[in-house]
Amino acid sequence: MAMHAITIPEPGGPEALVWTEVPDPVPGEGEVLIDVVASAVNRADVLQRQGFYDPPPGASSYPGLECSGRVSALGPGVTGWAVGDEVCALLAGGGYAEKVAVPAGQLLPVPKGLGLVRAAALPEVTATVWSNVFMVAHLRPAETLLVHGGSSGIGTMAIQLAKAVGARVAVTAGSPDKLARCAELGADILINYREQDFVEEIREATAGAGADVILDNMGAKYLDRNVQALAVNGRLAIIGLQGGAQGELNLGMLLNKRAAVSATSLRVRPLAEKAAIVAAVREHVWPLIEEGVVKPVVDRTVPMRDAAEGHRVMESSTHIGKVLLQPPTAA
């Protein structure tokens, strides 16, 4: 049998994304097959399209790091799930398709009260934020979290989760409209990075103390200034390289602050680590979503065959929250 998926015959601009008939995936040992109802656009998908971020060995060559849908088949050894279950999933690739095979440990039930389409906005952002801000950086109540790109999918989730545990949240964003949306989600300190120096602003807002945790998507460009903005015993969690991969780290300042820098990538982690993160998200984040304390922020939904448009929106940075994709077979 055949299905359709977005393929990338040659790296390039958004037009490099081609809706093509391809073979159906077959679930292997410990995997389930999902009929995809929605997927979402992530920065990593843009990098993959451009030829800068190959899928890990064994992963689907199609872009797409998360999806929602219905279980249509179980591979050998799978327990705890049944055909027809409505789920969302963290993927190593393959979400831009009508079907995808995924390890059962990366499945999550659709939260009660949330529609199946909107659930596609959850897996990547919840896993990224929970693993970095809470499992690695150990954000605690009453601490200050600085989130770069506060209006992004990651940022909108980080604001809500940090507020839910009683932290104070500072954000950077590039327009008054984006900052206003961050404020609606609970952000306390609003910094327009086009007009303000986030180091000065975070120091002023914290009486000189600095941020206890910083969630950074910029990498090299912000490295030195992030360390400057850290509080004593602060933790910098780097999750993206939009501002470059090589920067200079002031170890003296880091030592004086007794601070820590971590850098993680979710996609290439071993299956057991991904499963542990997904289990932690289900335990800690899913109840907050079902209680209505935390909600996915969706900017728009685009037909999957027009994924190029979703990528143009992502690259223009005009969106707030997530851009979703729906295949024509979704129902």
# chains A, B, ... in the order shown; residues from 1 in each chain; ligands from 1

$ residues_around --residues "Gln160 in chain A" --least-positions-apart "6" --cutoff "7 Å" --atoms "only C-alpha atoms" --output "PyMOL selection string"
chain A and resi 185-186+294

$ residues_around --residues "range 301-309 of chain A" --least-positions-apart "4" --cutoff "6 Å" --atoms "only C-alpha atoms" --output "mmCIF file with N, CA and C atoms, in the first residue's frame"
data_model
loop_
_atom_site.group_PDB
_atom_site.id
_atom_site.type_symbol
_atom_site.label_atom_id
_atom_site.label_comp_id
_atom_site.auth_asym_id
_atom_site.auth_seq_id
_atom_site.Cartn_x
_atom_site.Cartn_y
_atom_site.Cartn_z
ATOM 1 N N PRO A 14 11.616 26.637 0.892
ATOM 2 C CA PRO A 14 10.343 25.956 1.163
ATOM 3 C C PRO A 14 9.825 25.143 -0.012
ATOM 4 N N GLU A 15 10.157 25.591 -1.236
ATOM 5 C CA GLU A 15 9.686 24.862 -2.421
ATOM 6 C C GLU A 15 10.322 23.481 -2.547
ATOM 7 N N TRP A 19 5.041 16.973 -1.836
ATOM 8 C CA TRP A 19 4.003 16.015 -1.406
ATOM 9 C C TRP A 19 3.998 14.850 -2.398
ATOM 10 N N VAL A 323 2.643 26.258 14.496
ATOM 11 C CA VAL A 323 2.019 26.136 13.181
ATOM 12 C C VAL A 323 1.772 24.644 12.939
ATOM 13 N N LEU A 324 0.502 24.253 12.732
ATOM 14 C CA LEU A 324 0.140 22.854 12.550
ATOM 15 C C LEU A 324 -0.069 22.521 11.076
ATOM 16 N N LEU A 325 0.080 21.256 10.757
ATOM 17 C CA LEU A 325 -0.129 20.744 9.399
ATOM 18 C C LEU A 325 -1.143 19.605 9.466
ATOM 19 N N GLN A 326 -2.088 19.594 8.527
ATOM 20 C CA GLN A 326 -3.080 18.517 8.474
ATOM 21 C C GLN A 326 -3.083 17.843 7.108
ATOM 22 N N PRO A 327 -2.917 16.511 7.081
ATOM 23 C CA PRO A 327 -3.002 15.792 5.804
ATOM 24 C C PRO A 327 -4.437 15.767 5.307
#

$ closest_residue --among "A:Val213, A:Ala59, A:Cys67, A:Val147" --to "Val110 in chain A" --atoms "only C-alpha atoms"
A:Cys67

$ closest_atom_pairs --of "range 21-81 of chain A" --to "range 253-265 of chain A" --cutoff "12 Å" --atoms "only C-alpha atoms" --output "JSON lines"
{"residue": "A:Ala44", "atom": "CA", "partner": "A:Ser265", "partner_atom": "CA", "distance": 10.4}
{"residue": "A:Tyr53", "atom": "CA", "partner": "A:Ser265", "partner_atom": "CA", "distance": 11.7}
{"residue": "A:Pro56", "atom": "CA", "partner": "A:Ser265", "partner_atom": "CA", "distance": 11.5}

$ write_last_selection --atoms "N, CA and C atoms" --output "mmCIF file, in the first residue's frame"
data_model
loop_
_atom_site.group_PDB
_atom_site.id
_atom_site.type_symbol
_atom_site.label_atom_id
_atom_site.label_comp_id
_atom_site.auth_asym_id
_atom_site.auth_seq_id
_atom_site.Cartn_x
_atom_site.Cartn_y
_atom_site.Cartn_z
ATOM 1 N N ALA A 44 13.731 22.656 13.651
ATOM 2 C CA ALA A 44 14.562 21.552 13.170
ATOM 3 C C ALA A 44 14.121 21.089 11.783
ATOM 4 N N TYR A 53 20.484 19.376 8.906
ATOM 5 C CA TYR A 53 20.110 18.588 10.091
ATOM 6 C C TYR A 53 19.524 17.258 9.640
ATOM 7 N N PRO A 56 18.463 11.195 12.542
ATOM 8 C CA PRO A 56 19.373 10.212 13.134
ATOM 9 C C PRO A 56 19.251 8.863 12.427
#

$ residues_around --residues "Ala187 in chain A" --least-positions-apart "2" --cutoff "9 Å" --atoms "only C-alpha atoms" --output "VMD selection string"
chain A and resid 150 159 to 160 163 168 to 171 179 181 to 185 189 to 190

$ residues_around --residues "Thr7 in chain A" --least-positions-apart "5" --cutoff "12 Å" --atoms "only C-alpha atoms" --output "number ranges by chain"
A: 12, 14-22, 45, 48-49, 60-64, 93-97, 304-305, 307-308

$ decode --residues "range 32-46 of chain A" --atoms "N, CA, C and O atoms" --output "PDB file, in the first residue's frame"
ATOM      1  N   VAL A  32       4.233   1.398  17.253  1.00  0.00           N
ATOM      2  CA  VAL A  32       2.841   1.441  16.824  1.00  0.00           C
ATOM      3  C   VAL A  32       2.766   2.254  15.538  1.00  0.00           C
ATOM      4  O   VAL A  32       3.624   3.103  15.268  1.00  0.00           O
ATOM      5  N   LEU A  33       1.744   1.983  14.739  1.00  0.00           N
ATOM      6  CA  LEU A  33       1.487   2.763  13.538  1.00  0.00           C
ATOM      7  C   LEU A  33       0.365   3.747  13.837  1.00  0.00           C
ATOM      8  O   LEU A  33      -0.655   3.377  14.409  1.00  0.00           O
ATOM      9  N   ILE A  34       0.573   5.012  13.456  1.00  0.00           N
ATOM     10  CA  ILE A  34      -0.411   6.056  13.705  1.00  0.00           C
ATOM     11  C   ILE A  34      -0.935   6.593  12.378  1.00  0.00           C
ATOM     12  O   ILE A  34      -0.150   6.910  11.474  1.00  0.00           O
ATOM     13  N   ASP A  35      -2.257   6.688  12.255  1.00  0.00           N
ATOM     14  CA  ASP A  35      -2.875   7.451  11.179  1.00  0.00           C
ATOM     15  C   ASP A  35      -2.842   8.918  11.614  1.00  0.00           C
ATOM     16  O   ASP A  35      -3.511   9.300  12.586  1.00  0.00           O
ATOM     17  N   VAL A  36      -2.058   9.712  10.927  1.00  0.00           N
ATOM     18  CA  VAL A  36      -1.793  11.082  11.368  1.00  0.00           C
ATOM     19  C   VAL A  36      -2.993  11.992  11.094  1.00  0.00           C
ATOM     20  O   VAL A  36      -3.534  12.020   9.986  1.00  0.00           O
ATOM     21  N   VAL A  37      -3.390  12.722  12.119  1.00  0.00           N
ATOM     22  CA  VAL A  37      -4.444  13.727  11.999  1.00  0.00           C
ATOM     23  C   VAL A  37      -3.846  15.125  11.906  1.00  0.00           C
ATOM     24  O   VAL A  37      -4.384  16.006  11.237  1.00  0.00           O
ATOM     25  N   ALA A  38      -2.712  15.337  12.576  1.00  0.00           N
ATOM     26  CA  ALA A  38      -2.015  16.626  12.484  1.00  0.00           C
ATOM     27  C   ALA A  38      -0.561  16.439  12.879  1.00  0.00           C
ATOM     28  O   ALA A  38      -0.209  15.533  13.638  1.00  0.00           O
ATOM     29  N   SER A  39       0.273  17.307  12.338  1.00  0.00           N
ATOM     30  CA  SER A  39       1.675  17.404  12.743  1.00  0.00           C
ATOM     31  C   SER A  39       1.962  18.877  12.998  1.00  0.00           C
ATOM     32  O   SER A  39       1.046  19.709  12.967  1.00  0.00           O
ATOM     33  N   ALA A  40       3.206  19.230  13.254  1.00  0.00           N
ATOM     34  CA  ALA A  40       3.545  20.619  13.536  1.00  0.00           C
ATOM     35  C   ALA A  40       4.905  20.953  12.954  1.00  0.00           C
ATOM     36  O   ALA A  40       5.758  20.083  12.762  1.00  0.00           O
ATOM     37  N   VAL A  41       5.110  22.233  12.678  1.00  0.00           N
ATOM     38  CA  VAL A  41       6.366  22.715  12.126  1.00  0.00           C
ATOM     39  C   VAL A  41       7.299  23.116  13.261  1.00  0.00           C
ATOM     40  O   VAL A  41       6.887  23.843  14.178  1.00  0.00           O
ATOM     41  N   ASN A  42       8.545  22.638  13.210  1.00  0.00           N
ATOM     42  CA  ASN A  42       9.567  23.019  14.183  1.00  0.00           C
ATOM     43  C   ASN A  42      10.795  23.562  13.452  1.00  0.00           C
ATOM     44  O   ASN A  42      11.011  23.276  12.271  1.00  0.00           O
ATOM     45  N   ARG A  43      11.600  24.341  14.157  1.00  0.00           N
ATOM     46  CA  ARG A  43      12.814  24.898  13.556  1.00  0.00           C
ATOM     47  C   ARG A  43      13.704  23.802  12.990  1.00  0.00           C
ATOM     48  O   ARG A  43      14.354  23.976  11.963  1.00  0.00           O
ATOM     49  N   ALA A  44      13.731  22.656  13.651  1.00  0.00           N
ATOM     50  CA  ALA A  44      14.562  21.552  13.170  1.00  0.00           C
ATOM     51  C   ALA A  44      14.121  21.089  11.783  1.00  0.00           C
ATOM     52  O   ALA A  44      14.955  20.658  10.973  1.00  0.00           O
ATOM     53  N   ASP A  45      12.827  21.190  11.488  1.00  0.00           N
ATOM     54  CA  ASP A  45      12.341  20.802  10.170  1.00  0.00           C
ATOM     55  C   ASP A  45      12.891  21.735   9.088  1.00  0.00           C
ATOM     56  O   ASP A  45      13.228  21.304   7.980  1.00  0.00           O
ATOM     57  N   VAL A  46      12.981  23.017   9.427  1.00  0.00           N
ATOM     58  CA  VAL A  46      13.541  23.995   8.489  1.00  0.00           C
ATOM     59  C   VAL A  46      15.004  23.681   8.217  1.00  0.00           C
ATOM     60  O   VAL A  46      15.462  23.675   7.071  1.00  0.00           O
TER      61      VAL A  46
END
